[in-house]
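A.B. asks: What follows is model_7.txt, compact mmCIF, C-alpha atoms and all ligand atoms.
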```txt
# COMPACT_ATOMS: atom_id res chain seq x y z
CA MET T 973 -28.85 -33.14 -59.23
CA ARG T 974 -28.88 -29.87 -57.35
CA TYR T 975 -27.54 -31.69 -54.30
CA ARG T 976 -24.59 -33.08 -56.24
CA ILE T 977 -23.71 -29.66 -57.62
CA ALA T 978 -23.83 -28.14 -54.15
CA ARG T 979 -21.53 -30.80 -52.78
CA TYR T 980 -19.08 -30.29 -55.62
CA ALA T 981 -19.05 -26.52 -55.10
CA LEU T 982 -18.36 -27.05 -51.43
CA THR T 983 -15.47 -29.36 -52.18
CA LEU T 984 -13.92 -26.70 -54.34
CA THR T 985 -14.40 -24.11 -51.61
CA MET T 986 -12.71 -26.29 -49.04
CA GLY T 987 -9.84 -26.94 -51.39
CA ILE T 988 -9.18 -23.23 -51.65
CA VAL T 989 -9.32 -22.89 -47.89
CA LEU T 990 -6.75 -25.59 -47.39
CA VAL T 991 -4.31 -24.02 -49.77
CA SER T 992 -4.68 -20.58 -48.18
CA GLN T 993 -4.06 -21.73 -44.62
CA ALA T 994 -0.43 -21.16 -43.76
CA GLY T 995 0.99 -24.15 -41.99
CA ALA T 996 -2.08 -26.32 -42.38
CA THR T 997 -1.14 -29.94 -41.95
CA ASP T 998 -2.15 -32.78 -44.23
CA MET T 999 -5.58 -33.81 -43.01
CA SER T 1000 -5.78 -37.11 -44.85
CA ASP T 1001 -7.10 -39.89 -42.66
CA THR T 1002 -5.87 -43.47 -42.79
CA ALA T 1003 -8.18 -44.20 -45.72
CA GLY T 1004 -6.74 -41.27 -47.64
CA ASN T 1005 -9.90 -39.18 -47.33
CA ARG T 1006 -9.45 -35.50 -46.62
CA ALA T 1007 -11.20 -34.38 -43.46
CA ARG T 1008 -12.91 -31.01 -43.66
CA PRO T 1009 -11.90 -28.36 -41.14
CA ARG T 1010 -14.75 -27.16 -38.98
CA ARG T 1011 -15.80 -23.66 -39.98
CA ILE T 1012 -15.97 -21.40 -36.94
CA LEU T 1013 -17.47 -17.96 -36.35
CA PHE T 1014 -16.21 -16.85 -32.92
CA ASP T 1015 -18.16 -14.23 -30.94
CA THR T 1016 -16.14 -12.91 -28.00
CA ASP T 1017 -15.47 -10.17 -25.42
CA PRO T 1018 -11.74 -10.51 -24.65
CA GLY T 1019 -11.11 -10.94 -21.68
CA GLY T 1020 -8.21 -13.11 -20.46
CA ASP T 1021 -9.96 -16.45 -20.90
CA ASP T 1022 -11.28 -15.30 -24.28
CA VAL T 1023 -7.68 -14.64 -25.34
CA PHE T 1024 -6.64 -18.13 -24.30
CA ALA T 1025 -9.60 -19.59 -26.24
CA LEU T 1026 -8.76 -17.52 -29.30
CA LEU T 1027 -5.12 -18.65 -29.21
CA TRP T 1028 -6.27 -22.27 -28.91
CA LEU T 1029 -8.60 -21.80 -31.87
CA GLN T 1030 -5.70 -20.45 -33.91
CA SER T 1031 -3.65 -23.53 -33.08
CA LEU T 1032 -6.52 -25.72 -34.27
CA ALA T 1033 -6.71 -23.66 -37.47
CA LYS T 1034 -2.95 -23.87 -37.94
CA GLN T 1035 -3.23 -27.66 -37.67
CA GLY T 1036 -6.00 -27.69 -40.26
CA HIS T 1037 -8.78 -28.77 -37.87
CA ALA T 1038 -10.62 -25.43 -37.97
CA GLU T 1039 -11.24 -22.60 -40.37
CA ILE T 1040 -11.86 -19.23 -38.70
CA VAL T 1041 -14.58 -17.59 -40.79
CA ALA T 1042 -14.65 -14.36 -38.74
CA VAL T 1043 -14.36 -13.09 -35.19
CA THR T 1044 -17.14 -10.85 -33.89
CA THR T 1045 -16.67 -8.83 -30.73
CA VAL T 1046 -19.14 -7.66 -28.13
CA ALA T 1047 -18.98 -5.37 -25.10
CA GLY T 1048 -18.72 -7.45 -21.94
CA ASN T 1049 -15.63 -8.09 -19.86
CA VAL T 1050 -14.50 -4.61 -20.87
CA ARG T 1051 -15.82 -1.82 -23.10
CA SER T 1052 -16.37 -2.54 -26.78
CA GLN T 1053 -13.36 -0.60 -28.10
CA HIS T 1054 -11.12 -2.80 -25.96
CA THR T 1055 -12.77 -6.11 -26.88
CA PHE T 1056 -12.39 -5.22 -30.55
CA ALA T 1057 -8.72 -4.23 -30.20
CA ASN T 1058 -7.94 -7.28 -28.07
CA ALA T 1059 -9.44 -9.68 -30.61
CA CYS T 1060 -7.47 -8.01 -33.43
CA LYS T 1061 -4.22 -8.13 -31.45
CA THR T 1062 -4.71 -11.75 -30.38
CA LEU T 1063 -5.31 -12.82 -33.96
CA ALA T 1064 -2.23 -10.93 -35.16
CA LEU T 1065 -0.17 -12.50 -32.37
CA GLY T 1066 -1.22 -16.00 -33.43
CA GLY T 1067 -0.59 -15.39 -37.11
CA PHE T 1068 -4.22 -14.91 -38.16
CA GLY T 1069 -4.29 -11.13 -38.42
CA HIS T 1070 -6.01 -11.37 -41.79
CA ILE T 1071 -9.28 -12.61 -40.24
CA GLU T 1072 -12.12 -10.06 -40.24
CA VAL T 1073 -13.10 -8.74 -36.80
CA GLY T 1074 -16.53 -7.21 -36.21
CA ARG T 1075 -17.42 -4.46 -33.76
CA SER T 1076 -20.00 -4.85 -31.04
CA VAL T 1077 -23.59 -3.84 -31.72
CA PRO T 1078 -24.32 -0.65 -29.77
CA VAL T 1079 -25.09 -1.29 -26.11
CA ASP T 1080 -25.37 0.78 -22.98
CA GLU T 1081 -21.82 0.49 -21.66
CA GLY T 1082 -22.46 2.33 -18.44
CA GLY T 1083 -23.05 -0.85 -16.45
CA GLU T 1084 -20.84 -3.31 -14.68
CA ASP T 1085 -17.92 -4.96 -16.47
CA ALA T 1086 -15.17 -7.34 -15.36
CA ALA T 1087 -12.11 -5.10 -15.67
CA HIS T 1088 -11.34 -5.90 -12.02
CA ILE T 1089 -10.61 -9.49 -13.15
CA HIS T 1090 -9.21 -8.98 -16.66
CA GLY T 1091 -7.41 -5.62 -16.28
CA ASN T 1092 -8.58 -2.22 -17.49
CA ASP T 1093 -7.73 -3.15 -21.07
CA GLY T 1094 -9.27 -6.65 -20.72
CA MET T 1095 -5.90 -8.22 -21.39
CA GLY T 1096 -4.03 -8.04 -18.13
CA ASN T 1097 -2.79 -4.55 -19.10
CA LEU T 1098 -0.61 -6.25 -21.71
CA SER T 1099 -2.38 -4.95 -24.83
CA ARG T 1100 0.12 -2.08 -25.08
CA THR T 1101 2.84 -4.65 -25.68
CA LEU T 1102 1.17 -5.77 -28.91
CA PRO T 1103 0.98 -3.82 -32.19
CA ASP T 1104 -2.14 -1.75 -32.84
CA PRO T 1105 -4.77 -3.30 -35.15
CA LYS T 1106 -4.23 -2.73 -38.85
CA HIS T 1107 -7.87 -1.81 -39.27
CA PRO T 1108 -9.40 0.73 -36.86
CA LEU T 1109 -12.68 0.20 -35.05
CA SER T 1110 -14.31 2.92 -37.14
CA GLU T 1111 -13.80 0.84 -40.30
CA ALA T 1112 -15.09 -2.43 -38.84
CA ARG T 1113 -18.44 -3.88 -39.81
CA ARG T 1114 -21.08 -4.53 -37.15
CA SER T 1115 -20.91 -8.00 -35.66
CA ASP T 1116 -24.60 -8.78 -36.23
CA ASP T 1117 -24.22 -7.97 -39.93
CA ILE T 1118 -21.23 -10.31 -40.21
CA ILE T 1119 -23.13 -13.10 -38.44
CA ILE T 1120 -26.06 -12.69 -40.82
CA GLU T 1121 -23.86 -12.58 -43.91
CA LYS T 1122 -21.73 -15.59 -43.02
CA LEU T 1123 -24.55 -17.89 -41.85
CA SER T 1124 -26.76 -16.98 -44.80
CA ALA T 1125 -24.02 -17.72 -47.31
CA VAL T 1126 -23.62 -21.38 -46.33
CA PRO T 1127 -26.60 -22.55 -44.24
CA GLY T 1128 -25.79 -25.49 -41.97
CA GLU T 1129 -22.03 -25.17 -42.45
CA ILE T 1130 -20.73 -22.71 -39.85
CA THR T 1131 -20.48 -23.36 -36.13
CA LEU T 1132 -21.18 -20.26 -34.08
CA ILE T 1133 -19.26 -20.10 -30.81
CA ALA T 1134 -20.33 -17.38 -28.39
CA VAL T 1135 -18.23 -16.73 -25.29
CA GLY T 1136 -19.45 -13.28 -24.26
CA PRO T 1137 -22.82 -11.67 -23.61
CA LEU T 1138 -25.23 -12.88 -26.30
CA THR T 1139 -26.05 -9.36 -27.51
CA ASN T 1140 -24.67 -9.75 -31.04
CA LEU T 1141 -26.44 -13.07 -31.60
CA ALA T 1142 -29.78 -11.69 -30.43
CA ALA T 1143 -29.33 -8.59 -32.58
CA ALA T 1144 -28.68 -10.79 -35.62
CA GLU T 1145 -31.79 -12.86 -34.86
CA GLU T 1146 -33.83 -9.67 -34.40
CA LYS T 1147 -32.62 -8.26 -37.70
CA SER T 1148 -32.91 -11.53 -39.62
CA PRO T 1149 -35.37 -13.90 -37.88
CA GLY T 1150 -34.30 -17.52 -38.21
CA ILE T 1151 -30.64 -16.70 -38.87
CA LEU T 1152 -29.27 -18.58 -35.84
CA ALA T 1153 -31.01 -21.74 -37.04
CA LYS T 1154 -28.75 -21.56 -40.09
CA ALA T 1155 -25.66 -22.25 -37.99
CA LYS T 1156 -24.41 -25.83 -37.94
CA GLU T 1157 -24.33 -25.52 -34.16
CA VAL T 1158 -24.51 -22.71 -31.61
CA VAL T 1159 -22.12 -23.34 -28.71
CA ILE T 1160 -22.09 -20.93 -25.79
CA MET T 1161 -20.13 -20.47 -22.59
CA GLY T 1162 -22.64 -19.21 -20.09
CA GLY T 1163 -25.09 -19.90 -17.31
CA ALA T 1164 -24.94 -21.56 -13.93
CA PHE T 1165 -27.12 -24.49 -12.93
CA ARG T 1166 -27.54 -25.87 -9.42
CA GLN T 1167 -24.83 -23.56 -8.11
CA GLY T 1168 -24.07 -19.91 -7.50
CA GLY T 1169 -23.09 -17.39 -10.12
CA ASN T 1170 -19.91 -15.40 -10.55
CA ILE T 1171 -21.34 -11.90 -10.96
CA THR T 1172 -24.32 -12.18 -8.59
CA PRO T 1173 -25.25 -14.95 -6.15
CA CYS T 1174 -27.42 -16.46 -8.91
CA ALA T 1175 -26.11 -15.36 -12.28
CA GLU T 1176 -23.15 -16.10 -14.50
CA PHE T 1177 -21.55 -13.02 -16.10
CA ASN T 1178 -22.32 -13.59 -19.81
CA ILE T 1179 -26.01 -14.27 -19.24
CA TYR T 1180 -26.34 -11.56 -16.58
CA CYS T 1181 -25.01 -8.87 -18.95
CA ASP T 1182 -27.93 -9.34 -21.35
CA PRO T 1183 -30.56 -11.82 -20.12
CA GLU T 1184 -33.09 -10.80 -22.76
CA ALA T 1185 -30.56 -11.55 -25.49
CA ALA T 1186 -29.80 -14.92 -23.89
CA GLN T 1187 -33.49 -15.79 -23.74
CA LYS T 1188 -33.84 -14.91 -27.42
CA VAL T 1189 -30.93 -17.19 -28.32
CA PHE T 1190 -32.37 -20.06 -26.27
CA THR T 1191 -35.64 -19.80 -28.21
CA SER T 1192 -33.92 -19.61 -31.60
CA ARG T 1193 -33.36 -23.38 -31.98
CA ASP T 1194 -33.69 -26.57 -29.94
CA ASP T 1195 -30.05 -27.67 -29.71
CA ILE T 1196 -28.06 -24.84 -28.10
CA VAL T 1197 -24.90 -26.32 -26.56
CA VAL T 1198 -24.13 -24.82 -23.15
CA LEU T 1199 -20.83 -24.90 -21.24
CA PRO T 1200 -21.91 -23.52 -17.85
CA LEU T 1201 -19.98 -22.33 -14.82
CA GLY T 1202 -20.24 -25.74 -13.17
CA ILE T 1203 -17.93 -27.06 -15.89
CA THR T 1204 -15.71 -24.09 -16.54
CA GLU T 1205 -14.84 -23.52 -12.88
CA LYS T 1206 -13.27 -26.97 -12.84
CA VAL T 1207 -10.81 -26.07 -15.61
CA THR T 1208 -7.99 -24.19 -13.92
CA PHE T 1209 -4.93 -23.25 -15.96
CA THR T 1210 -1.92 -23.35 -13.62
CA LYS T 1211 1.67 -22.18 -13.67
CA GLU T 1212 2.79 -25.65 -14.75
CA HIS T 1213 0.54 -25.45 -17.79
CA ALA T 1214 1.83 -21.97 -18.70
CA ASN T 1215 5.45 -22.96 -18.22
CA GLY T 1216 4.90 -26.12 -20.24
CA VAL T 1217 3.96 -23.95 -23.22
CA SER T 1218 6.70 -21.33 -22.86
CA GLN T 1219 9.46 -23.85 -22.22
CA ALA T 1220 8.58 -25.77 -25.39
CA VAL T 1221 9.92 -22.83 -27.41
CA PRO T 1222 11.56 -20.39 -24.95
CA GLU T 1223 12.12 -17.68 -27.55
CA SER T 1224 8.48 -17.65 -28.64
CA ARG T 1225 6.70 -14.33 -28.25
CA ILE T 1226 3.35 -16.11 -27.96
CA GLY T 1227 4.70 -18.36 -25.22
CA ARG T 1228 5.95 -15.37 -23.22
CA PHE T 1229 2.63 -13.61 -23.71
CA ILE T 1230 0.74 -16.66 -22.41
CA VAL T 1231 2.90 -16.69 -19.26
CA ASP T 1232 2.51 -12.93 -18.69
CA LEU T 1233 -1.27 -13.00 -19.15
CA TRP T 1234 -1.51 -16.10 -16.98
CA GLN T 1235 0.35 -14.29 -14.17
CA PHE T 1236 -2.08 -11.38 -14.22
CA MET T 1237 -5.18 -13.58 -14.39
CA ALA T 1238 -3.96 -15.91 -11.66
CA LYS T 1239 -3.29 -12.96 -9.36
CA THR T 1240 -6.74 -11.41 -9.76
CA SER T 1241 -8.43 -14.82 -9.58
CA MET T 1242 -6.71 -15.51 -6.28
CA SER T 1243 -7.66 -12.12 -4.90
CA TYR T 1244 -11.31 -12.84 -5.73
CA ARG T 1245 -11.00 -16.32 -4.21
CA SER T 1246 -12.47 -18.04 -7.22
CA THR T 1247 -10.09 -20.97 -7.67
CA ASP T 1248 -10.35 -22.97 -4.43
CA GLY T 1249 -6.97 -21.63 -3.38
CA ILE T 1250 -5.24 -23.01 -6.48
CA ARG T 1251 -2.90 -20.50 -8.11
CA GLY T 1252 -4.32 -20.33 -11.60
CA PHE T 1253 -7.36 -19.09 -13.48
CA HIS T 1254 -10.42 -20.61 -15.03
CA VAL T 1255 -10.21 -20.75 -18.83
CA HIS T 1256 -14.01 -20.67 -19.07
CA ASP T 1257 -14.32 -19.85 -22.76
CA ALA T 1258 -11.86 -22.52 -23.90
CA THR T 1259 -14.33 -25.25 -22.90
CA THR T 1260 -16.37 -24.49 -26.03
CA LEU T 1261 -13.43 -25.66 -28.13
CA ALA T 1262 -13.04 -28.78 -26.02
CA TYR T 1263 -16.67 -29.63 -26.80
CA LEU T 1264 -16.10 -29.23 -30.54
CA PHE T 1265 -12.65 -30.77 -30.94
CA TYR T 1266 -12.16 -33.03 -27.91
CA PRO T 1267 -15.72 -34.12 -27.04
CA GLU T 1268 -14.44 -37.09 -25.04
CA THR T 1269 -13.64 -34.62 -22.24
CA LEU T 1270 -17.30 -33.69 -21.61
CA LEU T 1271 -20.66 -35.24 -20.80
CA LEU T 1272 -23.85 -33.40 -21.70
CA ARG T 1273 -27.58 -33.88 -21.18
CA ARG T 1274 -30.73 -32.60 -22.79
CA ALA T 1275 -32.52 -29.82 -20.95
CA GLU T 1276 -35.18 -27.18 -21.22
CA VAL T 1277 -33.23 -24.03 -20.34
CA ARG T 1278 -34.93 -20.81 -19.31
CA VAL T 1279 -33.41 -17.44 -18.41
CA GLU T 1280 -34.69 -15.26 -15.58
CA THR T 1281 -35.19 -11.77 -17.02
CA LYS T 1282 -37.29 -10.13 -14.30
CA GLY T 1283 -36.11 -11.16 -10.85
CA GLU T 1284 -34.93 -8.49 -8.44
CA TRP T 1285 -32.24 -10.80 -7.05
CA THR T 1286 -32.17 -13.52 -9.68
CA ARG T 1287 -31.93 -11.59 -12.97
CA GLY T 1288 -29.74 -13.53 -15.39
CA GLN T 1289 -30.17 -16.86 -13.60
CA THR T 1290 -30.40 -19.92 -15.84
CA VAL T 1291 -32.80 -22.68 -14.90
CA PHE T 1292 -33.68 -26.18 -16.01
CA ASP T 1293 -36.24 -28.57 -14.63
CA ASP T 1294 -35.11 -31.88 -13.11
CA ARG T 1295 -38.59 -33.05 -12.16
CA HIS T 1296 -39.86 -36.05 -14.08
CA GLY T 1297 -42.68 -34.40 -15.99
CA ALA T 1298 -42.80 -34.69 -19.76
CA LYS T 1299 -40.76 -31.98 -21.45
CA ILE T 1300 -41.76 -31.10 -24.95
CA GLU T 1301 -39.65 -27.98 -25.31
CA ALA T 1302 -36.11 -29.15 -24.55
CA ASN T 1303 -33.92 -26.59 -26.27
CA ALA T 1304 -30.37 -27.32 -25.17
CA TRP T 1305 -27.52 -29.68 -24.44
CA VAL T 1306 -25.94 -28.71 -21.14
CA ALA T 1307 -22.49 -29.94 -20.11
CA LEU T 1308 -22.56 -31.39 -16.60
CA GLN T 1309 -19.26 -33.26 -16.30
CA VAL T 1310 -15.74 -32.50 -17.49
CA ASP T 1311 -12.45 -34.37 -17.55
CA ALA T 1312 -10.50 -31.24 -16.67
CA GLY T 1313 -7.06 -32.91 -16.53
CA ASN T 1314 -7.23 -34.18 -20.06
CA LEU T 1315 -8.92 -31.03 -21.37
CA LEU T 1316 -6.02 -28.94 -20.05
CA ALA T 1317 -3.49 -31.45 -21.36
CA VAL T 1318 -4.75 -31.24 -24.94
CA MET T 1319 -4.99 -27.46 -24.67
CA VAL T 1320 -1.34 -27.22 -23.60
CA GLU T 1321 -0.18 -29.55 -26.37
CA ASP T 1322 -2.09 -27.49 -28.94
CA PHE T 1323 -0.54 -24.30 -27.54
CA LYS T 1324 2.89 -25.86 -28.06
CA LEU T 1325 2.03 -26.40 -31.71
CA LEU T 1326 0.98 -22.76 -32.00
CA VAL T 1327 4.23 -21.42 -30.55
CA ALA T 1328 6.37 -23.78 -32.62
CA PRO T 1329 8.13 -22.14 -35.57
CA GLU T 1330 6.74 -22.83 -39.03
CA CA Q 1 -15.74 -14.16 -22.58
```
Take the structure I supplied and represent it as structure tokens, if you would.
Ligand SMILES: [Ca+2]
C.D. replies:
Amino acid sequence: MRYRIARYALTLTMGIVLVSQAGATDMSDTAGNRARPRRILFDTDPGGDDVFALLWLQSLAKQGHAEIVAVTTVAGNVRSQHTFANACKTLALGGFGHIEVGRSVPVDEGGEDAAHIHGNDGMGNLSRTLPDPKHPLSEARRSDDIIIEKLSAVPGEITLIAVGPLTNLAAAEEKSPGILAKAKEVVIMGGAFRQGGNITPCAEFNIYCDPEAAQKVFTSRDDIVVLPLGITEKVTFTKEHANGVSQAVPESRIGRFIVDLWQFMAKTSMSYRSTDGIRGFHVHDATTLAYLFYPETLLLRRAEVRVETKGEWTRGQTVFDDRHGAKIEANAWVALQVDAGNLLAVMVEDFKLLVAPE
């Protein structure tokens, strides 16, 4: 009986969500059943590729495939005040400025960031072209508190996507042990397996920034979904992709912004020789959305993932064991193959739907 009541309450909740989403399309399937949008909590450190992922997520929400529960920001690509502002501005640009944005848990921000790739503001120095956030950083709630509140409210319902250092997630788990297990899924962009890193010879940036946090997340449940560098470095957004979006609706502000940010990111990516000579940039963080909404573009395998937290030269390295010994502690699904052409094609088509007038 309790189960039936819970299901009924959920149906009502989803009904309210559908009505409140501007532009949401009819999600009836061929049998007339209403599909439920996937509820997403997005943890991010924008970052050029974060911005592209966040715009894609807004398109999916606009189409009624996703519901954005909240966006939590973390220090990473740039300092925390910038990641917060960038998330707010990107949401406002896409028409989702009403979504709550959390501020990073306090971290030592004296270390290395990735402003040399993403611009000093984390947004290709374009953030000044967008309106300031309606709500200042000083009024924002902490990201770990938002994660705890949202996941506790509806256990098993919210998918947590993390595309920055895993500091907020680990802080939430520290404050409320078992909280990450209450997510429907935890999907992260991070790690590098059987290849070099992008911040050190061994480590990928997100994991390297806070290896202890990453290790805590990997021990929080046994089904962490991982989109590592080996996948994301195959997904290169080119000028043709950017132009395809902007030319769909030439007067669109979002379309122009996508082209401008693409130009900055492509230039720095070329200067750091990270794209095999192709003029474009890797939309690393967007692969998490491909996994959730276009899973036919990826192949994954089970693995027992560990994070190096002590090595002098290998700190932040991610490791799994390919030897054929029994593994009783597999904790992750790691993506190993990607259909990059089709992933980029669906991303572009979804961008066109975002820039299209209501
Ligand atoms: Ca990121």
A.B. asks: Enumerate as an mmCIF file with C-alpha atoms, in the frame of the given file the residues within 6 Å of ligand CA 1 (chain Q), counting only C-alpha atoms and all ligand atoms.
C.D. replies:
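Final file, pocket-v8.cif:
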```
data_model
loop_
_atom_site.group_PDB
_atom_site.id
_atom_site.type_symbol
_atom_site.label_atom_id
_atom_site.label_comp_id
_atom_site.auth_asym_id
_atom_site.auth_seq_id
_atom_site.Cartn_x
_atom_site.Cartn_y
_atom_site.Cartn_z
ATOM 1 C CA THR T 1016 -16.140 -12.910 -28.000
ATOM 2 C CA ASP T 1017 -15.470 -10.170 -25.420
ATOM 3 C CA PRO T 1018 -11.740 -10.510 -24.650
ATOM 4 C CA GLY T 1019 -11.110 -10.940 -21.680
ATOM 5 C CA ASP T 1022 -11.280 -15.300 -24.280
ATOM 6 C CA VAL T 1135 -18.230 -16.730 -25.290
ATOM 7 C CA GLY T 1136 -19.450 -13.280 -24.260
ATOM 8 C CA ASP T 1257 -14.320 -19.850 -22.760
#
```
A.B. asks: Using only C-alpha atoms, pick whichever of T:Asn1303, T:Gln1309, T:Thr1101, T:Thr1247 has the shortest atom-to-atom distance to Leu1233 of chain T.
C.D. replies: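 Closest to Leu1233 of chain T of all the choices is T:Thr1101.
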A.B. asks: Between T:Val1158, T:Leu1315, T:Leu1138, T:Met1095, which residue has the minimum interatomic distance to Gln1235 of chain T, considering all atoms listed in the file?
C.D. replies: T:Met1095
A.B. asks: Measuring between only C-alpha atoms, which one of T:Asn1215, T:Thr1240, T:Thr1281, T:Thr1208 shows the shortest distance to Asn1314 of chain T?
C.D. replies: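 Checking each of T:Asn1215, T:Thr1240, T:Thr1281, T:Thr1208 against Asn1314 of chain T, counting only C-alpha atoms, the winner is T:Thr1208.
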A.B. asks: Near Thr1045 of chain T, within 9 Å and counting only C-alpha atoms, which residues show up once chain neighbours fewer than 6 positions away are dropped, as a list in words?
C.D. replies: Phe1014, Asp1015, Thr1016, Asp1017, Pro1018, Ser1052, Thr1055, Phe1056, Ala1059, Val1073, Gly1074, Arg1075, Ser1076, Val1077, Arg1114, Ser1115, Gly1136 and Asn1140 of chain T
A.B. asks: Might you pull out every residue within 9 Å of Asp1293 of chain T, with only C-alpha atoms counted and same-chain residues fewer than 4 positions away left off, and present them as an MDAnalysis selection string?
C.D. replies: chainID T and resid 1275:1277 1297 1299
A.B. asks: Given all atoms listed in the file as the basis, pick out the residue of T:Val1231, T:Ala1047, T:Val1320, T:Ala1214 nearest to Ala1087 of chain T.
C.D. replies: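 Of T:Val1231, T:Ala1047, T:Val1320, T:Ala1214, the one nearest Ala1087 of chain T is T:Ala1047, counting all atoms listed in the file.
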A.B. asks: Would you mind listing what lies within 8 Å of Ser1224 of chain T as a list of chain:residue names, with only C-alpha atoms counted and same-chain residues fewer than 3 positions away left out?
C.D. replies: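 Contacts, in chain order: T:Ser1218, T:Val1221, T:Gly1227, T:Arg1228, T:Val1327, T:Ala1328.
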A.B. asks: Using only C-alpha atoms, which of the listed residues (T:Lys1282, T:Lys1061, T:His1296, T:Lys1154) sits closest to Leu1027 of chain T?
C.D. replies: T:Lys1061
A.B. asks: When distances are computed from only C-alpha atoms, which of T:Cys1060, T:Leu1261, T:Met1242, T:Ala1302 shows the smallest separation from Phe1190 of chain T?
C.D. replies: T:Ala1302
A.B. asks: Rebuild segment 1110-1122 of chain T to N, CA and C atoms - output it as a PDB file, in the coordinates of the input, please.
C.D. replies:
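Resulting contents of part_28.pdb:
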```pdb
ATOM      1  N   SER T1110     -13.359   2.132 -36.340  1.00  0.00           N
ATOM      2  CA  SER T1110     -14.310   2.920 -37.140  1.00  0.00           C
ATOM      3  C   SER T1110     -14.551   2.300 -38.517  1.00  0.00           C
ATOM      4  N   GLU T1111     -13.632   1.465 -38.981  1.00  0.00           N
ATOM      5  CA  GLU T1111     -13.800   0.840 -40.300  1.00  0.00           C
ATOM      6  C   GLU T1111     -14.404  -0.559 -40.213  1.00  0.00           C
ATOM      7  N   ALA T1112     -14.602  -1.053 -39.002  1.00  0.00           N
ATOM      8  CA  ALA T1112     -15.090  -2.430 -38.840  1.00  0.00           C
ATOM      9  C   ALA T1112     -16.592  -2.517 -39.098  1.00  0.00           C
ATOM     10  N   ARG T1113     -17.006  -3.650 -39.637  1.00  0.00           N
ATOM     11  CA  ARG T1113     -18.440  -3.880 -39.810  1.00  0.00           C
ATOM     12  C   ARG T1113     -19.063  -4.292 -38.482  1.00  0.00           C
ATOM     13  N   ARG T1114     -20.371  -4.099 -38.360  1.00  0.00           N
ATOM     14  CA  ARG T1114     -21.080  -4.530 -37.150  1.00  0.00           C
ATOM     15  C   ARG T1114     -21.094  -6.060 -37.073  1.00  0.00           C
ATOM     16  N   SER T1115     -20.976  -6.548 -35.866  1.00  0.00           N
ATOM     17  CA  SER T1115     -20.910  -8.000 -35.660  1.00  0.00           C
ATOM     18  C   SER T1115     -22.194  -8.700 -36.108  1.00  0.00           C
ATOM     19  N   ASP T1116     -23.359  -8.101 -35.843  1.00  0.00           N
ATOM     20  CA  ASP T1116     -24.600  -8.780 -36.230  1.00  0.00           C
ATOM     21  C   ASP T1116     -24.694  -8.900 -37.752  1.00  0.00           C
ATOM     22  N   ASP T1117     -24.192  -7.897 -38.465  1.00  0.00           N
ATOM     23  CA  ASP T1117     -24.220  -7.970 -39.930  1.00  0.00           C
ATOM     24  C   ASP T1117     -23.295  -9.079 -40.452  1.00  0.00           C
ATOM     25  N   ILE T1118     -22.159  -9.240 -39.802  1.00  0.00           N
ATOM     26  CA  ILE T1118     -21.230 -10.310 -40.210  1.00  0.00           C
ATOM     27  C   ILE T1118     -21.857 -11.680 -39.942  1.00  0.00           C
ATOM     28  N   ILE T1119     -22.485 -11.822 -38.778  1.00  0.00           N
ATOM     29  CA  ILE T1119     -23.130 -13.100 -38.440  1.00  0.00           C
ATOM     30  C   ILE T1119     -24.189 -13.445 -39.494  1.00  0.00           C
ATOM     31  N   ILE T1120     -24.999 -12.464 -39.840  1.00  0.00           N
ATOM     32  CA  ILE T1120     -26.060 -12.690 -40.820  1.00  0.00           C
ATOM     33  C   ILE T1120     -25.470 -13.062 -42.185  1.00  0.00           C
ATOM     34  N   GLU T1121     -24.469 -12.322 -42.601  1.00  0.00           N
ATOM     35  CA  GLU T1121     -23.860 -12.580 -43.910  1.00  0.00           C
ATOM     36  C   GLU T1121     -23.238 -13.979 -43.982  1.00  0.00           C
ATOM     37  N   LYS T1122     -22.469 -14.315 -42.980  1.00  0.00           N
ATOM     38  CA  LYS T1122     -21.730 -15.590 -43.020  1.00  0.00           C
ATOM     39  C   LYS T1122     -22.678 -16.784 -42.931  1.00  0.00           C
TER      40      LYS T1122
END
```
